[in-house]
>>> print(open('my_file_0.txt').read())   # compact mmCIF, C-alpha atoms and all ligand atoms
# COMPACT_ATOMS: atom_id res chain seq x y z
CA MET X 80 72.27 156.46 143.22
CA SER X 81 74.05 156.26 139.91
CA MET X 82 73.15 153.38 137.62
CA VAL X 83 76.52 153.38 135.89
CA PHE X 84 79.66 154.90 137.29
CA VAL X 85 82.81 154.74 135.21
CA ARG X 86 85.67 156.04 137.34
CA GLY X 87 89.22 156.89 136.26
CA LEU X 88 89.16 154.36 133.43
CA ASP X 89 92.29 153.57 131.42
CA VAL X 90 91.94 151.08 128.56
CA CYS X 91 94.66 149.52 126.42
CA VAL X 92 94.67 147.33 123.37
CA GLU X 93 97.91 145.68 122.36
CA GLN X 94 99.83 147.99 124.71
CA LYS X 95 98.31 151.08 123.09
CA VAL X 96 96.43 153.35 125.48
CA ILE X 97 93.03 154.15 123.97
CA ILE X 98 91.09 155.58 126.91
CA HIS X 99 92.73 157.76 129.55
CA ASN X 100 91.34 158.55 132.98
CA LEU X 101 87.73 158.64 131.81
CA SER X 102 84.95 159.19 134.32
CA LEU X 103 81.24 159.19 133.61
CA GLU X 104 78.24 158.92 135.90
CA ILE X 105 74.82 158.01 134.55
CA ARG X 106 71.72 157.95 136.77
CA ALA X 107 68.42 156.19 136.17
CA GLY X 108 66.21 158.16 133.80
CA GLU X 109 69.15 159.86 132.05
CA ILE X 110 70.10 159.76 128.37
CA HIS X 111 73.78 160.55 127.83
CA ALA X 112 75.14 161.15 124.35
CA ILE X 113 78.81 160.87 123.42
CA MET X 114 80.01 162.60 120.28
CA GLY X 115 83.57 162.85 119.05
CA PRO X 116 85.88 162.53 116.06
CA ASN X 117 86.59 159.17 114.43
CA GLY X 118 89.02 157.09 116.45
CA SER X 119 88.49 158.99 119.70
CA GLY X 120 87.63 155.82 121.66
CA LYS X 121 83.82 155.93 121.75
CA SER X 122 83.25 152.35 120.57
CA THR X 123 86.10 151.16 122.77
CA LEU X 124 84.29 152.63 125.78
CA ALA X 125 81.05 150.92 124.66
CA GLN X 126 82.84 147.57 124.26
CA VAL X 127 84.58 147.88 127.62
CA ILE X 128 81.30 148.64 129.41
CA ALA X 129 79.76 145.55 127.76
CA GLY X 130 82.79 143.44 128.78
CA ASN X 131 84.59 142.72 125.50
CA PRO X 132 87.70 140.79 126.65
CA GLY X 133 89.75 142.17 123.74
CA PHE X 134 90.39 145.35 125.71
CA GLU X 135 92.42 145.58 128.88
CA VAL X 136 91.23 147.83 131.69
CA THR X 137 94.55 148.89 133.22
CA HIS X 138 93.12 151.33 135.73
CA GLY X 139 89.78 152.43 137.14
CA GLU X 140 86.37 150.98 137.83
CA ILE X 141 83.02 150.36 136.21
CA LEU X 142 80.23 150.23 138.76
CA PHE X 143 76.73 149.10 137.83
CA GLU X 144 74.09 149.84 140.47
CA GLY X 145 76.92 150.44 142.94
CA LYS X 146 78.81 147.17 142.35
CA SER X 147 81.96 146.64 140.32
CA ILE X 148 81.37 144.72 137.07
CA VAL X 149 84.84 145.20 135.67
CA THR X 150 85.77 141.53 136.08
CA PHE X 151 82.39 140.23 134.87
CA SER X 152 81.95 138.40 131.56
CA PRO X 153 79.72 139.98 128.88
CA GLU X 154 77.02 137.42 129.75
CA GLU X 155 77.09 138.28 133.48
CA ARG X 156 76.80 141.97 132.61
CA ALA X 157 73.89 141.22 130.26
CA ARG X 158 72.15 139.31 133.06
CA LYS X 159 72.50 142.37 135.28
CA GLY X 160 70.79 144.45 132.60
CA VAL X 161 73.63 145.90 130.50
CA PHE X 162 73.02 145.88 126.75
CA LEU X 163 75.14 146.99 123.79
CA ALA X 164 73.80 147.77 120.31
CA PHE X 165 76.90 147.38 118.13
CA GLN X 166 78.24 149.91 115.65
CA TYR X 167 79.05 146.95 113.41
CA PRO X 168 76.55 144.16 114.18
CA VAL X 169 78.04 140.71 113.66
CA GLU X 170 76.64 137.98 111.44
CA ILE X 171 75.83 134.67 113.11
CA PRO X 172 75.66 132.02 110.40
CA GLY X 173 73.34 129.09 111.10
CA VAL X 174 71.35 130.87 113.85
CA SER X 175 67.96 132.33 113.01
CA LEU X 176 67.07 135.74 114.40
CA SER X 177 64.14 134.31 116.38
CA SER X 178 66.16 131.52 118.00
CA PHE X 179 68.98 133.96 118.75
CA LEU X 180 66.55 136.32 120.50
CA ARG X 181 64.97 133.46 122.47
CA THR X 182 68.36 132.14 123.58
CA ALA X 183 69.54 135.64 124.54
CA TYR X 184 66.32 136.18 126.47
CA GLN X 185 66.68 132.84 128.29
CA ARG X 186 70.26 133.72 129.25
CA THR X 187 69.32 137.12 130.65
CA HIS X 188 65.92 136.47 132.24
CA ALA X 189 64.72 133.85 134.66
CA GLU X 190 61.78 132.70 132.56
CA VAL X 191 60.72 132.70 128.96
CA GLY X 192 57.27 131.99 127.51
CA SER X 193 56.47 129.23 125.02
CA VAL X 194 58.06 129.36 121.55
CA ALA X 195 54.73 130.47 120.07
CA GLU X 196 54.19 133.22 122.67
CA PHE X 197 57.74 134.48 122.27
CA GLN X 198 57.40 134.49 118.49
CA LYS X 199 54.22 136.54 118.81
CA GLU X 200 56.14 139.11 120.87
CA ILE X 201 58.94 139.21 118.29
CA THR X 202 56.44 139.78 115.50
CA SER X 203 54.75 142.63 117.32
CA ALA X 204 58.13 144.21 118.23
CA MET X 205 59.24 144.00 114.58
CA GLN X 206 56.20 145.70 113.17
CA PRO X 207 56.85 149.32 114.30
CA LEU X 208 60.49 148.97 113.22
CA GLY X 209 59.39 147.98 109.72
CA ILE X 210 61.13 144.59 109.92
CA ALA X 211 59.30 142.03 107.76
CA GLU X 212 58.16 138.82 109.48
CA GLU X 213 60.38 136.66 107.25
CA PHE X 214 63.44 138.09 109.05
CA SER X 215 62.61 135.85 112.04
CA ASP X 216 63.77 132.84 110.03
CA ARG X 217 66.81 134.48 108.48
CA ASN X 218 70.24 133.97 110.04
CA VAL X 219 71.27 136.83 112.33
CA ASN X 220 72.51 139.75 110.21
CA GLU X 221 73.50 137.44 107.34
CA GLY X 222 72.87 139.37 104.14
CA PHE X 223 71.03 142.09 106.08
CA SER X 224 71.48 145.57 104.64
CA GLY X 225 73.23 148.16 106.81
CA GLY X 226 69.93 149.64 107.96
CA GLU X 227 68.34 146.21 108.54
CA LYS X 228 71.23 145.29 110.85
CA LYS X 229 70.69 148.48 112.87
CA LYS X 230 66.96 147.78 113.16
CA ALA X 231 67.74 144.24 114.34
CA GLU X 232 69.90 145.72 117.14
CA ILE X 233 66.91 147.75 118.34
CA LEU X 234 64.67 144.69 118.03
CA GLN X 235 67.08 143.01 120.45
CA LEU X 236 66.83 146.00 122.80
CA LYS X 237 63.04 145.77 122.77
CA MET X 238 62.98 142.01 123.33
CA LEU X 239 65.69 141.82 126.01
CA ASP X 240 64.47 144.93 127.83
CA PRO X 241 67.72 145.75 129.70
CA LYS X 242 68.11 148.44 132.37
CA PHE X 243 70.99 150.21 130.66
CA ALA X 244 71.58 150.39 126.91
CA VAL X 245 74.75 151.51 125.19
CA ILE X 246 73.76 152.34 121.62
CA ASP X 247 76.70 152.81 119.26
CA GLU X 248 76.02 154.77 116.06
CA ILE X 249 72.57 153.34 115.49
CA ASP X 250 71.80 156.22 113.13
CA SER X 251 74.49 155.49 110.56
CA GLY X 252 72.93 153.83 107.52
CA LEU X 253 69.31 154.42 108.53
CA ASP X 254 66.91 156.19 106.18
CA ILE X 255 64.81 159.05 107.58
CA ASP X 256 61.73 156.89 108.30
CA ALA X 257 63.83 154.15 109.89
CA LEU X 258 65.64 156.73 112.03
CA GLN X 259 62.32 157.96 113.37
CA ALA X 260 61.07 154.41 113.99
CA VAL X 261 64.28 153.47 115.79
CA ALA X 262 64.20 156.62 117.94
CA GLN X 263 60.56 155.99 118.78
CA SER X 264 61.35 152.41 119.83
CA ILE X 265 64.15 153.66 122.09
CA ASN X 266 61.83 156.28 123.60
CA GLU X 267 59.08 153.70 124.18
CA TRP X 268 61.53 151.33 125.87
CA MET X 269 63.03 154.11 128.03
CA SER X 270 61.57 154.79 131.50
CA PRO X 271 62.63 156.63 134.68
CA GLU X 272 64.23 153.35 135.91
CA LYS X 273 66.42 152.90 132.83
CA SER X 274 69.26 154.78 131.20
CA VAL X 275 70.98 155.16 127.85
CA LEU X 276 74.44 155.96 126.58
CA ILE X 277 74.12 156.81 122.90
CA ILE X 278 77.11 157.35 120.64
CA THR X 279 76.50 159.42 117.54
CA HIS X 280 78.12 161.78 115.08
CA TYR X 281 74.94 163.72 114.38
CA ASN X 282 72.44 165.82 116.25
CA ARG X 283 69.67 164.33 114.03
CA ILE X 284 68.84 161.37 116.31
CA LEU X 285 69.29 163.51 119.43
CA LYS X 286 66.43 165.73 118.24
CA TYR X 287 64.15 162.71 118.75
CA LEU X 288 65.80 161.34 121.90
CA THR X 289 66.52 164.56 123.81
CA PRO X 290 69.66 163.71 125.79
CA THR X 291 69.94 164.95 129.36
CA HIS X 292 73.75 165.12 128.98
CA VAL X 293 76.08 165.46 125.99
CA HIS X 294 79.81 164.68 126.18
CA ILE X 295 82.55 165.37 123.68
CA MET X 296 85.23 162.70 123.56
CA LYS X 297 88.60 163.31 121.98
CA GLN X 298 91.73 161.17 122.11
CA GLY X 299 90.31 158.83 124.74
CA ARG X 300 89.12 161.55 127.12
CA ILE X 301 85.91 163.41 127.79
CA MET X 302 86.91 166.97 126.96
CA GLU X 303 83.63 168.74 127.51
CA SER X 304 80.17 167.97 128.93
CA GLY X 305 76.93 169.89 128.71
CA GLY X 306 73.28 169.69 127.77
CA LYS X 307 71.67 169.11 124.38
CA GLU X 308 72.83 172.51 123.16
CA LEU X 309 76.38 171.10 123.04
CA ALA X 310 75.30 168.70 120.28
CA GLU X 311 73.80 171.60 118.34
CA GLN X 312 77.04 173.52 118.73
CA VAL X 313 79.08 170.57 117.43
CA GLU X 314 76.78 170.18 114.45
CA ALA X 315 77.07 173.83 113.61
CA MET X 316 80.79 174.29 114.19
CA GLY X 317 82.52 170.90 114.25
CA TYR X 318 84.87 169.69 116.97
CA ARG X 319 87.71 172.14 116.47
CA GLU X 320 85.43 175.04 117.30
CA SER X 321 83.51 173.34 120.09
CA GLN X 322 85.92 174.17 122.87
N1 LIG S 1 91.98 145.94 118.35
C1 LIG S 1 92.58 147.10 118.13
N2 LIG S 1 93.88 147.15 117.76
C2 LIG S 1 94.52 148.32 117.54
N3 LIG S 1 93.92 149.52 117.67
C3 LIG S 1 92.64 149.53 118.01
C4 LIG S 1 91.88 148.34 118.27
N4 LIG S 1 90.63 148.67 118.62
C5 LIG S 1 90.59 150.02 118.57
N5 LIG S 1 91.79 150.53 118.22
C6 LIG S 1 92.12 151.95 118.03
O1 LIG S 1 91.57 152.70 119.09
C7 LIG S 1 91.14 153.95 118.62
C8 LIG S 1 89.70 154.18 119.05
O2 LIG S 1 88.83 153.35 118.29
P1 LIG S 1 87.26 153.38 118.46
O3 LIG S 1 86.68 152.33 117.57
O4 LIG S 1 86.94 153.30 119.91
O5 LIG S 1 86.92 154.84 117.91
P2 LIG S 1 85.51 155.57 117.73
O6 LIG S 1 85.57 156.82 118.54
O7 LIG S 1 84.39 154.62 117.99
O8 LIG S 1 85.55 155.98 116.19
P3 LIG S 1 84.37 156.03 115.06
O9 LIG S 1 83.69 157.35 115.26
O10 LIG S 1 85.14 156.01 113.77
O11 LIG S 1 83.48 154.85 115.23
C9 LIG S 1 91.35 153.97 117.13
O12 LIG S 1 92.54 154.68 116.84
C10 LIG S 1 91.48 152.51 116.77
O13 LIG S 1 92.28 152.31 115.63
MG MG S 2 82.92 153.81 116.84
>>> encode(input="my_file_0.txt", output="structure tokens")
Amino acid sequence: MSMVFVRGLDVCVEQKVIIHNLSLEIRAGEIHAIMGPNGSGKSTLAQVIAGNPGFEVTHGEILFEGKSIVTFSPEERARKGVFLAFQYPVEIPGVSLSSFLRTAYQRTHAEVGSVAEFQKEITSAMQPLGIAEEFSDRNVNEGFSGGEKKKAEILQLKMLDPKFAVIDEIDSGLDIDALQAVAQSINEWMSPEKSVLIITHYNRILKYLTPTHVHIMKQGRIMESGGKELAEQVEAMGYRESQ
């Protein structure tokens, strides 16, 4: 059975159609990559899957494990196991990273360990990502560098351990070592029961993640789908030549 099934999706924002008749099926164990020119609707798709109410689904369905989630709030979707790593992570003034992670964990899982136990888990999850311990006490994303924000998104992925992760341009702003660490964390989290939708402009991260499917999105539609060789083709020739 598919884990995520987007069927005939149309999405509008302020009466402007951004996604047209988009269908995408992702099964457990699969890593799908979406590439496409700026403004083609990739982040809009990510936001709509996560339940951002700023976008209106005017047609179509989003099924998660066979059930429609299209009317669910972002929190209900998160509880079901849907996670979004943002292209532009938001700052949350006044909330420390560790308390944010604990609250998010409590909201998505039935039980959470003691504060000390949870903090120990955060510290050990931070270490391979090269996030210094002091970040636990800093406000979420406030004053974080571009790369630090991206690492914090992956820290969230590791701590919340969803079933399905949409990862939007995690590679932009990461240095080479951080890119490897982030890809390794995603690979370690991944399992045959989980799946990933990764949005990227570059084949670089896909060399570490090895997508099972690659899709090219243009003007709100998936124009072409294939295997990892499609990403190599795009990198070599750009979008104009890719179809
Ligand atoms: N709130 C909004 N109001 C008006 N237009 C919007 C809004 N949100 C998105 N759009 C438009 O929808 C289109 C798709 O945007 P989206 O962010 O999904 O693109 P993208 O494929 O993620 O691009 P990039 O590669 O630059 O991140 C763009 O033309 C954008 O300007
Ligand atoms: Mg985007």
>>> closest_residue(input="my_file_0.txt", among="X:Pro116, X:Gly160, X:Pro168, X:Gly226", to="His294 of chain X", atoms="all atoms listed in the file")
X:Pro116
>>> residues_around(input="my_file_0.txt", residues="Ile278 of chain X", least_positions_apart="4", cutoff="8 Å", atoms="all atoms listed in the file", output="PyMOL selection string")
chain X and resi 112-114+121-122+245-249
>>> closest_atom_pairs(input="my_file_0.txt", of="chain X", to="ligand LIG 1 (chain S)", cutoff="6 Å", atoms="all atoms listed in the file", output="JSON lines")
{"residue": "X:Val92", "atom": "CA", "partner": "S:LIG1", "partner_atom": "C1", "distance": 5.6}
{"residue": "X:Ile97", "atom": "CA", "partner": "S:LIG1", "partner_atom": "O1", "distance": 5.3}
{"residue": "X:Pro116", "atom": "CA", "partner": "S:LIG1", "partner_atom": "O9", "distance": 5.7}
{"residue": "X:Asn117", "atom": "CA", "partner": "S:LIG1", "partner_atom": "O9", "distance": 3.5}
{"residue": "X:Gly118", "atom": "CA", "partner": "S:LIG1", "partner_atom": "O5", "distance": 3.4}
{"residue": "X:Ser119", "atom": "CA", "partner": "S:LIG1", "partner_atom": "O6", "distance": 3.8}
{"residue": "X:Gly120", "atom": "CA", "partner": "S:LIG1", "partner_atom": "O4", "distance": 3.1}
{"residue": "X:Lys121", "atom": "CA", "partner": "S:LIG1", "partner_atom": "O6", "distance": 3.8}
{"residue": "X:Ser122", "atom": "CA", "partner": "S:LIG1", "partner_atom": "O7", "distance": 3.6}
{"residue": "X:Thr123", "atom": "CA", "partner": "S:LIG1", "partner_atom": "O4", "distance": 3.7}
>>> residues_around(input="my_file_0.txt", residues="Ala310 of chain X", least_positions_apart="2", cutoff="9 Å", atoms="only C-alpha atoms", output="ChimeraX atom specification")
/X:112,114,281-282,285,293-295,305-308,312-315
>>> closest_residue(input="my_file_0.txt", among="X:Leu101, X:Ala125, X:Leu309, X:Ile233", to="ligand MG 2 (chain S)", atoms="all atoms listed in the file")
X:Ala125
>>> atom_distance(input="my_file_0.txt", atom1="atom CA of Gln94 of chain X", atom2="atom CA of His138 of chain X")
13.3 Å
>>> residues_near_point(input="my_file_0.txt", point="(73.7, 154.2, 110.5)", cutoff="10 Å", atoms="all atoms listed in the file", output="ChimeraX atom specification")
/X:166-167,225-230,247-254,257-258,279-280
>>> residues_around(input="my_file_0.txt", residues="Phe162 of chain X", least_positions_apart="2", cutoff="7 Å", atoms="only C-alpha atoms", output="list of chain:residue names")
X:Ala129, X:Ala157, X:Gly160, X:Ala164, X:Pro241, X:Phe243, X:Ala244, X:Val245
>>> atom_distance(input="my_file_0.txt", atom1="atom CA of Lys146 of chain X", atom2="atom CA of Thr182 of chain X")
26.2 Å
>>> atom_distance(input="my_file_0.txt", atom1="atom CA of Arg300 of chain X", atom2="atom CA of His99 of chain X")
5.8 Å
>>> closest_residue(input="my_file_0.txt", among="X:Lys242, X:His292, X:Arg319, X:His188", to="Met269 of chain X", atoms="all atoms listed in the file")
X:Lys242
>>> residues_around(input="my_file_0.txt", residues="Glu135 of chain X", least_positions_apart="2", cutoff="6 Å", atoms="all atoms listed in the file", output="list in words")
Val90, Cys91 and Thr137 of chain X
>>> closest_residue(input="my_file_0.txt", among="X:Ile148, X:Ile141, X:Met238, X:Ile210", to="Leu180 of chain X", atoms="all atoms listed in the file")
X:Met238
